[in-house]
Structure formats: structure tokens, C-alpha cells
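For reference, coords.cif (mmCIF, C-alpha atoms and all ligand atoms):
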data_final
#
loop_
_atom_site.group_PDB
_atom_site.id
_atom_site.type_symbol
_atom_site.label_atom_id
_atom_site.label_comp_id
_atom_site.auth_asym_id
_atom_site.auth_seq_id
_atom_site.Cartn_x
_atom_site.Cartn_y
_atom_site.Cartn_z
ATOM 1 C CA MET P 1 7.675 1.408 -2.324
ATOM 2 C CA THR P 2 6.798 -0.410 0.899
ATOM 3 C CA GLY P 3 6.215 -4.165 0.927
ATOM 4 C CA ALA P 4 7.946 -4.687 -2.422
ATOM 5 C CA SER P 5 9.386 -8.125 -1.698
ATOM 6 C CA ARG P 6 6.271 -9.954 -2.845
ATOM 7 C CA GLY P 7 2.788 -9.737 -4.305
ATOM 8 C CA ILE P 8 1.332 -6.396 -5.334
ATOM 9 C CA GLY P 9 4.395 -4.467 -4.122
ATOM 10 C CA ARG P 10 6.747 -6.426 -6.362
ATOM 11 C CA ALA P 11 4.427 -5.954 -9.351
ATOM 12 C CA VAL P 12 4.197 -2.188 -8.731
ATOM 13 C CA ALA P 13 7.988 -1.928 -8.367
ATOM 14 C CA CYS P 14 8.483 -3.781 -11.677
ATOM 15 C CA SER P 15 5.897 -1.656 -13.436
ATOM 16 C CA LEU P 16 7.370 1.649 -12.180
ATOM 17 C CA ALA P 17 10.890 0.540 -13.101
ATOM 18 C CA ARG P 18 9.705 -0.295 -16.643
ATOM 19 C CA ARG P 19 8.585 3.331 -16.873
ATOM 20 C CA GLY P 20 12.066 4.517 -15.855
ATOM 21 C CA ALA P 21 11.656 4.960 -12.085
ATOM 22 C CA ARG P 22 14.476 4.249 -9.638
ATOM 23 C CA VAL P 23 12.806 2.193 -6.914
ATOM 24 C CA ALA P 24 13.530 1.948 -3.178
ATOM 25 C CA ILE P 25 12.441 -1.633 -2.487
ATOM 26 C CA HIS P 26 11.260 -1.989 1.089
ATOM 27 C CA TYR P 27 10.558 -5.312 2.854
ATOM 28 C CA ARG P 28 10.167 -6.582 6.413
ATOM 29 C CA VAL P 29 12.200 -9.831 6.772
ATOM 30 C CA ASN P 30 12.086 -11.585 3.431
ATOM 31 C CA ALA P 31 15.497 -10.537 2.113
ATOM 32 C CA GLY P 32 15.637 -13.341 -0.478
ATOM 33 C CA ALA P 33 12.307 -12.326 -2.004
ATOM 34 C CA ALA P 34 13.335 -8.654 -1.953
ATOM 35 C CA ARG P 35 16.505 -9.555 -3.848
ATOM 36 C CA GLU P 36 14.333 -11.370 -6.426
ATOM 37 C CA THR P 37 12.344 -8.156 -6.877
ATOM 38 C CA LEU P 38 15.572 -6.210 -7.294
ATOM 39 C CA ALA P 39 16.785 -8.683 -9.928
ATOM 40 C CA ALA P 40 13.477 -8.400 -11.818
ATOM 41 C CA LEU P 41 13.563 -4.592 -12.163
ATOM 42 C CA SER P 42 14.513 -2.864 -15.398
ATOM 43 C CA GLY P 43 17.052 -0.069 -15.212
ATOM 44 C CA THR P 44 19.610 0.680 -12.535
ATOM 45 C CA GLY P 45 19.984 2.515 -9.234
ATOM 46 C CA HIS P 46 17.365 0.569 -7.266
ATOM 47 C CA ALA P 47 18.145 -0.419 -3.661
ATOM 48 C CA LEU P 48 16.826 -2.606 -0.819
ATOM 49 C CA PHE P 49 15.677 -1.417 2.602
ATOM 50 C CA ALA P 50 14.486 -3.580 5.514
ATOM 51 C CA ALA P 51 12.146 -2.267 8.230
ATOM 52 C CA ASP P 52 9.423 -3.765 10.405
ATOM 53 C CA LEU P 53 6.763 -1.085 10.061
ATOM 54 C CA ALA P 54 4.857 -2.438 13.071
ATOM 55 C CA GLU P 55 7.558 -0.715 15.177
ATOM 56 C CA SER P 56 6.757 2.910 15.902
ATOM 57 C CA ALA P 57 10.250 4.240 15.120
ATOM 58 C CA ALA P 58 10.657 2.236 11.912
ATOM 59 C CA ALA P 59 8.971 4.606 9.451
ATOM 60 C CA ALA P 60 11.337 7.487 10.256
ATOM 61 C CA ARG P 61 14.366 5.179 10.172
ATOM 62 C CA LEU P 62 13.268 3.811 6.794
ATOM 63 C CA TRP P 63 12.631 7.278 5.394
ATOM 64 C CA ASN P 64 16.052 8.552 6.504
ATOM 65 C CA ALA P 65 17.804 5.526 5.007
ATOM 66 C CA VAL P 66 16.016 5.955 1.660
ATOM 67 C CA ILE P 67 16.735 9.692 1.502
ATOM 68 C CA ALA P 68 20.401 9.076 2.369
ATOM 69 C CA GLU P 69 20.624 6.738 -0.652
ATOM 70 C CA PHE P 70 18.254 8.416 -3.149
ATOM 71 C CA GLY P 71 18.382 12.085 -2.119
ATOM 72 C CA ARG P 72 14.785 12.690 -3.197
ATOM 73 C CA ILE P 73 11.524 10.753 -3.486
ATOM 74 C CA ASP P 74 8.890 11.726 -6.075
ATOM 75 C CA VAL P 75 6.356 8.970 -5.371
ATOM 76 C CA LEU P 76 5.545 7.177 -2.109
ATOM 77 C CA VAL P 77 3.572 3.930 -2.375
ATOM 78 C CA ASN P 78 2.242 2.747 1.000
ATOM 79 C CA ASN P 79 1.595 -0.905 0.187
ATOM 80 C CA ALA P 80 2.936 -3.037 3.065
ATOM 81 C CA ALA P 81 0.174 -4.399 5.270
ATOM 82 C CA ILE P 82 -0.891 -7.419 7.281
ATOM 83 C CA TYR P 83 -4.159 -9.334 7.349
ATOM 84 C CA ASP P 84 -4.314 -11.125 10.727
ATOM 85 C CA MET P 85 -7.437 -13.159 11.448
ATOM 86 C CA HIS P 86 -9.149 -12.295 14.769
ATOM 87 C CA PRO P 87 -12.853 -13.122 14.403
ATOM 88 C CA PRO P 88 -14.969 -11.705 17.210
ATOM 89 C CA LEU P 89 -16.437 -14.299 19.617
ATOM 90 C CA SER P 90 -13.696 -16.822 18.824
ATOM 91 C CA THR P 91 -10.695 -14.618 19.695
ATOM 92 C CA ASP P 92 -9.741 -14.049 23.327
ATOM 93 C CA TYR P 93 -9.300 -10.514 24.592
ATOM 94 C CA ARG P 94 -5.501 -10.591 24.687
ATOM 95 C CA ALA P 95 -5.217 -11.890 21.098
ATOM 96 C CA TRP P 96 -7.883 -9.416 19.955
ATOM 97 C CA GLN P 97 -5.973 -6.495 21.484
ATOM 98 C CA ALA P 98 -2.678 -7.676 19.991
ATOM 99 C CA ALA P 99 -4.213 -8.053 16.513
ATOM 100 C CA TRP P 100 -5.651 -4.534 16.636
ATOM 101 C CA GLU P 101 -2.392 -3.004 17.811
ATOM 102 C CA ARG P 102 -0.249 -4.816 15.211
ATOM 103 C CA THR P 103 -2.682 -4.133 12.380
ATOM 104 C CA ILE P 104 -3.202 -0.444 13.105
ATOM 105 C CA ALA P 105 0.542 0.092 13.610
ATOM 106 C CA THR P 106 1.441 -1.553 10.289
ATOM 107 C CA ASN P 107 -1.500 -0.675 8.046
ATOM 108 C CA LEU P 108 -2.304 2.840 9.264
ATOM 109 C CA LEU P 109 0.296 4.475 11.509
ATOM 110 C CA ALA P 110 3.290 3.582 9.317
ATOM 111 C CA PRO P 111 1.623 4.959 6.137
ATOM 112 C CA ALA P 112 0.585 8.075 8.077
ATOM 113 C CA ASN P 113 4.129 8.659 9.311
ATOM 114 C CA LEU P 114 5.732 8.001 5.916
ATOM 115 C CA SER P 115 3.154 10.274 4.250
ATOM 116 C CA LEU P 116 4.045 13.208 6.496
ATOM 117 C CA LEU P 117 7.778 12.750 5.911
ATOM 118 C CA ALA P 118 7.189 12.434 2.158
ATOM 119 C CA ALA P 119 4.889 15.465 1.994
ATOM 120 C CA GLU P 120 7.361 17.663 3.891
ATOM 121 C CA ALA P 121 10.201 16.619 1.607
ATOM 122 C CA MET P 122 8.136 16.947 -1.582
ATOM 123 C CA VAL P 123 7.065 20.477 -0.641
ATOM 124 C CA ALA P 124 10.665 21.444 0.174
ATOM 125 C CA ASP P 125 11.877 19.979 -3.152
ATOM 126 C CA THR P 126 9.221 21.866 -5.095
ATOM 127 C CA GLU P 127 10.006 25.142 -3.350
ATOM 128 C CA SER P 128 13.740 24.818 -3.931
ATOM 129 C CA ARG P 129 13.393 23.827 -7.603
ATOM 130 C CA GLY P 130 10.523 26.010 -8.794
ATOM 131 C CA ALA P 131 6.757 25.745 -8.645
ATOM 132 C CA ASP P 132 6.237 23.621 -11.738
ATOM 133 C CA TRP P 133 8.921 21.080 -10.907
ATOM 134 C CA GLY P 134 6.966 19.261 -8.222
ATOM 135 C CA ARG P 135 5.685 15.811 -8.960
ATOM 136 C CA GLY P 136 4.910 14.539 -5.484
ATOM 137 C CA ARG P 137 2.422 11.707 -5.383
ATOM 138 C CA ILE P 138 1.331 9.450 -2.547
ATOM 139 C CA ILE P 139 -0.463 6.194 -3.317
ATOM 140 C CA ASN P 140 -2.081 4.202 -0.543
ATOM 141 C CA ILE P 141 -3.016 0.588 -1.172
ATOM 142 C CA SER P 142 -6.294 0.139 0.646
ATOM 143 C CA SER P 143 -8.911 -2.611 0.243
ATOM 144 C CA ARG P 144 -12.477 -3.376 -0.710
ATOM 145 C CA GLY P 145 -12.758 -4.535 2.912
ATOM 146 C CA ALA P 146 -12.894 -0.880 3.983
ATOM 147 C CA PHE P 147 -16.397 -0.733 2.487
ATOM 148 C CA ARG P 148 -17.636 -4.309 2.567
ATOM 149 C CA GLY P 149 -16.484 -5.177 6.088
ATOM 150 C CA GLU P 150 -14.010 -7.832 7.246
ATOM 151 C CA PRO P 151 -15.860 -10.097 9.674
ATOM 152 C CA ASP P 152 -12.787 -12.286 10.329
ATOM 153 C CA ALA P 153 -10.336 -9.387 10.523
ATOM 154 C CA PRO P 154 -12.172 -6.288 11.789
ATOM 155 C CA ALA P 155 -8.948 -4.395 12.522
ATOM 156 C CA TYR P 156 -7.895 -4.873 8.897
ATOM 157 C CA GLY P 157 -11.161 -3.400 7.600
ATOM 158 C CA ALA P 158 -10.901 -0.519 10.075
ATOM 159 C CA SER P 159 -7.277 0.164 9.136
ATOM 160 C CA LYS P 160 -8.168 0.384 5.443
ATOM 161 C CA ALA P 161 -11.226 2.587 6.040
ATOM 162 C CA ALA P 162 -9.006 4.928 8.055
ATOM 163 C CA LEU P 163 -6.358 4.819 5.318
ATOM 164 C CA ASN P 164 -8.988 5.964 2.804
ATOM 165 C CA SER P 165 -10.035 8.787 5.095
ATOM 166 C CA MET P 166 -6.410 9.791 5.606
ATOM 167 C CA SER P 167 -5.857 9.816 1.822
ATOM 168 C CA GLN P 168 -8.810 12.127 1.332
ATOM 169 C CA SER P 169 -7.689 14.476 4.112
ATOM 170 C CA LEU P 170 -4.134 14.598 2.780
ATOM 171 C CA ALA P 171 -5.402 15.150 -0.766
ATOM 172 C CA LYS P 172 -7.244 18.261 0.430
ATOM 173 C CA ALA P 173 -4.330 19.494 2.563
ATOM 174 C CA LEU P 174 -1.636 18.917 -0.070
ATOM 175 C CA ALA P 175 -3.321 19.760 -3.388
ATOM 176 C CA PRO P 176 -2.510 23.480 -3.014
ATOM 177 C CA ARG P 177 1.170 22.465 -2.804
ATOM 178 C CA GLY P 178 1.007 20.293 -5.946
ATOM 179 C CA ILE P 179 1.070 16.929 -4.145
ATOM 180 C CA TYR P 180 -1.590 14.438 -5.172
ATOM 181 C CA VAL P 181 -2.875 11.538 -3.094
ATOM 182 C CA PHE P 182 -4.681 8.412 -4.313
ATOM 183 C CA SER P 183 -6.161 5.375 -2.637
ATOM 184 C CA LEU P 184 -6.536 2.061 -4.472
ATOM 185 C CA ALA P 185 -9.083 -0.417 -3.115
ATOM 186 C CA PRO P 186 -8.541 -3.922 -4.527
ATOM 187 C CA GLY P 187 -10.789 -6.895 -3.882
ATOM 188 C CA TRP P 188 -9.055 -10.269 -3.701
ATOM 189 C CA VAL P 189 -5.716 -10.383 -5.531
ATOM 190 C CA SER P 190 -3.730 -13.560 -6.231
ATOM 191 C CA THR P 191 -0.876 -13.071 -3.715
ATOM 192 C CA ASP P 192 0.399 -14.789 -0.562
ATOM 193 C CA MET P 193 -2.039 -12.709 1.515
ATOM 194 C CA ALA P 194 -4.989 -14.228 -0.322
ATOM 195 C CA THR P 195 -3.783 -17.792 -0.934
ATOM 196 C CA ALA P 196 -5.442 -19.417 2.075
ATOM 197 C CA HIS P 197 -8.771 -17.767 1.253
ATOM 198 C CA LEU P 198 -8.670 -18.609 -2.449
ATOM 199 C CA THR P 199 -7.534 -22.215 -2.134
ATOM 200 C CA GLY P 200 -9.279 -23.197 1.112
ATOM 201 C CA ASP P 201 -12.850 -24.335 1.728
ATOM 202 C CA GLY P 202 -14.200 -20.856 0.967
ATOM 203 C CA GLY P 203 -12.358 -20.512 -2.364
ATOM 204 C CA ALA P 204 -15.317 -21.398 -4.576
ATOM 205 C CA GLU P 205 -17.530 -18.972 -2.667
ATOM 206 C CA VAL P 206 -14.984 -16.173 -3.172
ATOM 207 C CA LEU P 207 -14.823 -16.845 -6.909
ATOM 208 C CA ALA P 208 -18.614 -16.885 -7.138
ATOM 209 C CA GLN P 209 -18.619 -13.222 -6.013
ATOM 210 C CA HIS P 210 -16.548 -12.273 -9.057
ATOM 211 C CA PRO P 211 -18.340 -11.630 -12.370
ATOM 212 C CA LEU P 212 -14.964 -11.950 -14.136
ATOM 213 C CA GLY P 213 -14.740 -15.522 -12.870
ATOM 214 C CA ARG P 214 -11.359 -14.796 -11.288
ATOM 215 C CA VAL P 215 -9.712 -12.487 -8.797
ATOM 216 C CA ALA P 216 -7.309 -9.685 -9.764
ATOM 217 C CA THR P 217 -3.670 -10.248 -10.629
ATOM 218 C CA PRO P 218 -0.941 -8.175 -8.939
ATOM 219 C CA GLU P 219 -0.086 -6.793 -12.389
ATOM 220 C CA GLU P 220 -3.610 -5.339 -12.748
ATOM 221 C CA ILE P 221 -3.257 -3.490 -9.434
ATOM 222 C CA ALA P 222 0.234 -2.393 -10.520
ATOM 223 C CA ALA P 223 -1.158 -0.933 -13.756
ATOM 224 C CA ALA P 224 -3.566 1.241 -11.739
ATOM 225 C CA ALA P 225 -0.862 2.252 -9.246
ATOM 226 C CA THR P 226 1.514 3.191 -12.071
ATOM 227 C CA PHE P 227 -1.204 5.281 -13.709
ATOM 228 C CA CYS P 228 -1.759 7.162 -10.425
ATOM 229 C CA ALA P 229 1.991 7.559 -9.886
ATOM 230 C CA LEU P 230 2.885 8.851 -13.339
ATOM 231 C CA ASP P 231 -0.112 9.676 -15.505
ATOM 232 C CA ALA P 232 -3.274 10.491 -13.553
ATOM 233 C CA PRO P 233 -4.466 14.076 -13.962
ATOM 234 C CA ALA P 234 -4.322 16.306 -10.897
ATOM 235 C CA VAL P 235 -8.107 16.385 -10.753
ATOM 236 C CA MET P 236 -8.083 12.718 -9.679
ATOM 237 C CA THR P 237 -6.427 13.570 -6.352
ATOM 238 C CA GLY P 238 -8.456 12.358 -3.392
ATOM 239 C CA GLY P 239 -9.913 9.527 -5.437
ATOM 240 C CA ILE P 240 -10.536 6.076 -3.996
ATOM 241 C CA ILE P 241 -10.304 3.727 -6.957
ATOM 242 C CA ASP P 242 -12.159 0.408 -6.797
ATOM 243 C CA LEU P 243 -10.245 -2.522 -8.287
ATOM 244 C CA ASN P 244 -12.530 -5.425 -7.494
ATOM 245 C CA GLY P 245 -13.882 -6.606 -10.856
ATOM 246 C CA ALA P 246 -17.424 -5.515 -9.942
ATOM 247 C CA SER P 247 -17.479 -8.001 -7.049
ATOM 248 C CA TYR P 248 -18.621 -5.207 -4.729
ATOM 249 C CA LEU P 249 -20.279 -2.045 -6.037
ATOM 250 C CA ARG P 250 -20.599 0.809 -3.582
ATOM 251 C CA SER P 251 -22.830 3.805 -4.086
HETATM 252 N N1 LIG I 1 -3.964 -9.805 -1.721
HETATM 253 C C1 LIG I 1 -5.192 -9.338 -1.616
HETATM 254 O O1 LIG I 1 -6.199 -10.061 -1.850
HETATM 255 C C2 LIG I 1 -5.422 -7.890 -1.252
HETATM 256 C C3 LIG I 1 -6.724 -7.387 -1.347
HETATM 257 C C4 LIG I 1 -6.979 -6.055 -1.020
HETATM 258 C C5 LIG I 1 -5.931 -5.248 -0.610
HETATM 259 N N2 LIG I 1 -4.674 -5.775 -0.518
HETATM 260 C C6 LIG I 1 -3.617 -4.865 -0.048
HETATM 261 O O2 LIG I 1 -2.543 -4.849 -0.987
HETATM 262 C C7 LIG I 1 -1.313 -4.614 -0.291
HETATM 263 C C8 LIG I 1 -0.299 -5.678 -0.672
HETATM 264 O O3 LIG I 1 -0.860 -6.950 -0.369
HETATM 265 P P1 LIG I 1 -0.215 -8.313 -0.899
HETATM 266 O O4 LIG I 1 -1.343 -9.247 -1.086
HETATM 267 O O5 LIG I 1 0.746 -8.045 -1.996
HETATM 268 O O6 LIG I 1 0.577 -8.744 0.430
HETATM 269 P P2 LIG I 1 1.659 -9.908 0.668
HETATM 270 O O7 LIG I 1 1.842 -10.733 -0.547
HETATM 271 O O8 LIG I 1 1.268 -10.546 1.949
HETATM 272 O O9 LIG I 1 3.008 -9.045 0.894
HETATM 273 C C9 LIG I 1 3.062 -8.185 1.991
HETATM 274 C C10 LIG I 1 4.250 -7.259 1.859
HETATM 275 O O10 LIG I 1 4.247 -6.367 2.980
HETATM 276 C C11 LIG I 1 5.418 -6.558 3.746
HETATM 277 N N3 LIG I 1 5.092 -6.469 5.173
HETATM 278 C C12 LIG I 1 4.179 -7.188 5.868
HETATM 279 N N4 LIG I 1 4.197 -6.834 7.166
HETATM 280 C C13 LIG I 1 5.126 -5.864 7.293
HETATM 281 C C14 LIG I 1 5.633 -5.105 8.373
HETATM 282 N N5 LIG I 1 5.211 -5.288 9.641
HETATM 283 N N6 LIG I 1 6.597 -4.197 8.131
HETATM 284 C C15 LIG I 1 7.041 -4.020 6.891
HETATM 285 N N7 LIG I 1 6.633 -4.696 5.809
HETATM 286 C C16 LIG I 1 5.685 -5.616 6.020
HETATM 287 C C17 LIG I 1 5.947 -7.936 3.373
HETATM 288 O O11 LIG I 1 7.362 -8.014 3.598
HETATM 289 P P3 LIG I 1 8.087 -9.474 3.815
HETATM 290 O O12 LIG I 1 8.033 -10.179 2.477
HETATM 291 O O13 LIG I 1 9.476 -9.148 4.246
HETATM 292 O O14 LIG I 1 7.278 -10.189 4.856
HETATM 293 C C18 LIG I 1 5.580 -7.981 1.886
HETATM 294 O O15 LIG I 1 6.524 -7.259 1.127
HETATM 295 C C19 LIG I 1 -1.670 -4.571 1.191
HETATM 296 O O16 LIG I 1 -1.851 -3.237 1.594
HETATM 297 C C20 LIG I 1 -2.983 -5.314 1.260
HETATM 298 O O17 LIG I 1 -3.761 -4.938 2.373
HETATM 299 C C21 LIG I 1 -4.389 -7.067 -0.824
#

Output the file's structure as C-alpha cells, nothing else.
Ligand SMILES: NC(=O)c1ccc[n+]([C@@H]2O[C@H](COP(=O)([O-])OP(=O)(O)OC[C@H]3O[C@@H](n4cnc5c(N)ncnc54)[C@H](OP(=O)(O)O)[C@@H]3O)[C@@H](O)[C@H]2O)c1
Amino acid sequence: MTGASRGIGRAVACSLARRGARVAIHYRVNAGAARETLAALSGTGHALFAADLAESAAAARLWNAVIAEFGRIDVLVNNAAIYDMHPPLSTDYRAWQAAWERTIATNLLAPANLSLLAAEAMVADTESRGADWGRGRIINISSRGAFRGEPDAPAYGASKAALNSMSQSLAKALAPRGIYVFSLAPGWVSTDMATAHLTGDGGAEVLAQHPLGRVATPEEIAAAATFCALDAPAVMTGGIIDLNGASYLRS
């Protein structure tokens, strides 16, 4: 479970642990918050892992550390991501380039690398334990921004659109091996990532887009992620699930 120190990641970790999962809690630097997640989880056997997924070698290091501790992973949740503002026309070229590189590395390349390592291991586990044992699932936390556009953070929107496309490609490639892949696309969720947008000058405008009169809670996203991880029928693989309270309806 990447990015489990705060926000949606913490809520998903708690929800999976309530259903009996042993959770590998990944974070970047926020060790105190990660320990709070650990303390909030039901059950035992959970563990903490730090890695800056913007670094190209970090995904493999993280994977190896988790496998050394857990032996096997049944569900990978690619949740960690950054939302760095870099509006065109008011961002200089150097800052623009840096934002794209950091965002794509964290939001797309790290999930891609972890997904390959997870898929290889899940296939090997299934083959060594019998065809009907396998329960490999990969859940990618995407965003409504993939469809609606992100005018202040174009690299973020592009990273999430690519993540959706990757999920669909992997769903096709891995379904014959019994591994199912889901993408969840939340609109605004009440976490640190969204605070400045929800409380700042634009906050009222954001709320006005939401027929529910509020944005999503991390627990609502966690309920959907837990369903995909543990309950969703195989036929849902490849799905991109909108979680935006009807604030943006795509055809
Ligand atoms: N909040 C929203 O409105 C919203 C809307 C749509 C989609 N989403 C998506 O939902 C997911 C979770 O968002 P959130 O709002 O819960 O985020 P958040 O509260 O900002 O938490 C981000 C998490 O990702 C980790 N992280 C950030 N950069 C990292 C890096 N370079 N390497 C490793 N870990 C890193 C953080 O670790 P540290 O605590 O150590 O920094 C933290 O655990 C993201 O994929 C986001 O794009 C969020």
C-alpha cells in the first residue's frame, strides 16, 4: 500500500486491515504519520517501509524490502502521488520541466515498476500453489483530472490519464493469469493534497461543482478500493471507477 502515511492511503490501509489483511505501510518521509497509521490498524503483522518513489531505483528497493518481510503480496495498491502546481504561461521552463519529471516519476513510473514486480510475483505464486489459489489484484488510484483536465497541474492530469491506460493494458495482459487490475478515479477528497484548494479562495467554487454539497471522504475512496481488492468480480477487471459524486460525468 503506497502512500499510506496519510489521507486516502491511510484510510485504505485501515479498511483492508479491518478485513483481515496484513498491510505493508509505505511512506516517503513522514515517519510519524506512518507510525500513526500503523497504530490505527486492526490485527497484527503490519510493517512500515520508507521510499521516495520519485527516485528511479526506489520501486525495486521497496518491493524487495516488502517481500523480504512479508514473503508474498496478494494486493498492490498504487496510491502515492504528488500534485505540484505548474500552470502554463506562469511557470518558467526549468520549473515546468522539473514538475513534469517529478510528477511522471512518482505518479506513473513508480506504479508501472511496482505493477510489473507484483504481476511477476503473483503469477509465480499462483503457478507454485495451484491455478485456483491466485488472488492477485492491482489497484491504481487515479483521478477525475485524467478526464476533466488539470489546467494548473498538466503533468498531474497526464500522469493519471496514463495510469488509467496502463491499468487497462495490464488488465488485458494479466486477466488470463488470474490477476485483476482496477483504476479508481476520485474527484476532490478531503486530504492534505486538497486542503489548499478546498479552503482557499476557490473553495466555494469547488463545492459548487458537487451535487452532494461536499467532496469525498478518504473512507469513501477506501470502501471502493477495499471492494476492488477483496470482493469485486473478475469481470470488473480493467474498469476505471469514477468516485466524484457526479461532479464530472464522462460519456
Ligand atoms: N485528495 C484528492 O483530492 C485526490 C483527488 C483525486 C485523486 N487523488 C489521488 O489519491 C491518491 C492519494 O492522495 P491523498 O490526497 O491521500 O494524498 P496526500 O494526503 O497528499 O498523501 C500522499 C501520500 O503519498 C506519499 N508520497 C508523496 N510523494 C511521494 C514520493 N515521492 N514517494 C513516495 N511516497 C510519496 C506521502 O508520503 P509522506 O506522508 O511521507 O509524504 C503520503 O503518504 C493520489 O494518487 C492522488 O493523486 C487525490

Kindly compute an axis-aligned box around the listed atoms of ligand LIG 1 (chain I), allowing 3 Å on each side, and express its centre and edge lengths in Å to one decimal as JSON.
{"center_x": 1.2, "center_y": -7.0, "center_z": 3.8, "size_x": 22.5, "size_y": 13.5, "size_z": 17.6}

Fewer than 4 positions away in the same chain doesn't count, so skip those; otherwise give me all residues within 9 Å of segment 67-73 of chain P, counting all atoms listed in the file, as a list in words.
-> Arg22, Ala24, Gly45, His46, Ala47, Leu62, Trp63, Ala118, Ala121, Met122, Asp125 and Gly136 of chain P

List all protein, DNA and RNA residues that have at least one atom no more than 6 Å from any atom of ligand LIG 1 (chain I), counting all atoms listed in the file, and write them as a ChimeraX atom specification.
-> /P:3-9,27-30,51-54,79-82,106,141-143,186-194

Show me, as a tab-separated table, the residues of segment 50-84 of chain P having an atom within 12 Å of segment 173-182 of chain P, each with the closest atom pair and its distance in Å, using only C-alpha atoms.
residue	atom	partner	partner_atom	distance
P:Asp74	CA	P:Ile179	CA	9.6
P:Val75	CA	P:Ile179	CA	9.6
P:Leu76	CA	P:Val181	CA	9.5
P:Val77	CA	P:Phe182	CA	9.6
P:Asn78	CA	P:Phe182	CA	10.4

Quick one: apply the PyMOL selection byres (((chain P and resi 224) around 12) and not hetatm) to the file and drop the selected residues here as a PyMOL selection string.
-> chain P and resi 8+11-12+15-16+139-141+182-186+216-223+225-232+240-244

What residues come out when you apply the PyMOL selection byres (((chain P and resi 86-100) around 6) and not hetatm) to this file, written as a VMD selection string?
-> chain P and resid 85 101 to 104 152 to 153 155

Those residues you just picked out, can you put them in a file as a PDB file, in the frame of the given file with C-alpha atoms?
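The new file out_23.pdb reads:
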ATOM      1  CA  MET P  85      -7.437 -13.159  11.448  1.00  0.00           C
ATOM      2  CA  GLU P 101      -2.392  -3.004  17.811  1.00  0.00           C
ATOM      3  CA  ARG P 102      -0.249  -4.816  15.211  1.00  0.00           C
ATOM      4  CA  THR P 103      -2.682  -4.133  12.380  1.00  0.00           C
ATOM      5  CA  ILE P 104      -3.202  -0.444  13.105  1.00  0.00           C
ATOM      6  CA  ASP P 152     -12.787 -12.286  10.329  1.00  0.00           C
ATOM      7  CA  ALA P 153     -10.336  -9.387  10.523  1.00  0.00           C
ATOM      8  CA  ALA P 155      -8.948  -4.395  12.522  1.00  0.00           C
TER       9      ALA P 155
END

Atom CA of Cys14 of chain P and atom CA of Leu41 of chain P are how many Å apart?
->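 Interatomic distance here is 5.2 Å.
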
Find the distance between atom CA of Thr195 of chain P and atom CA of Arg18 of chain P and write it in Å to one decimal.
-> 27.1 Å
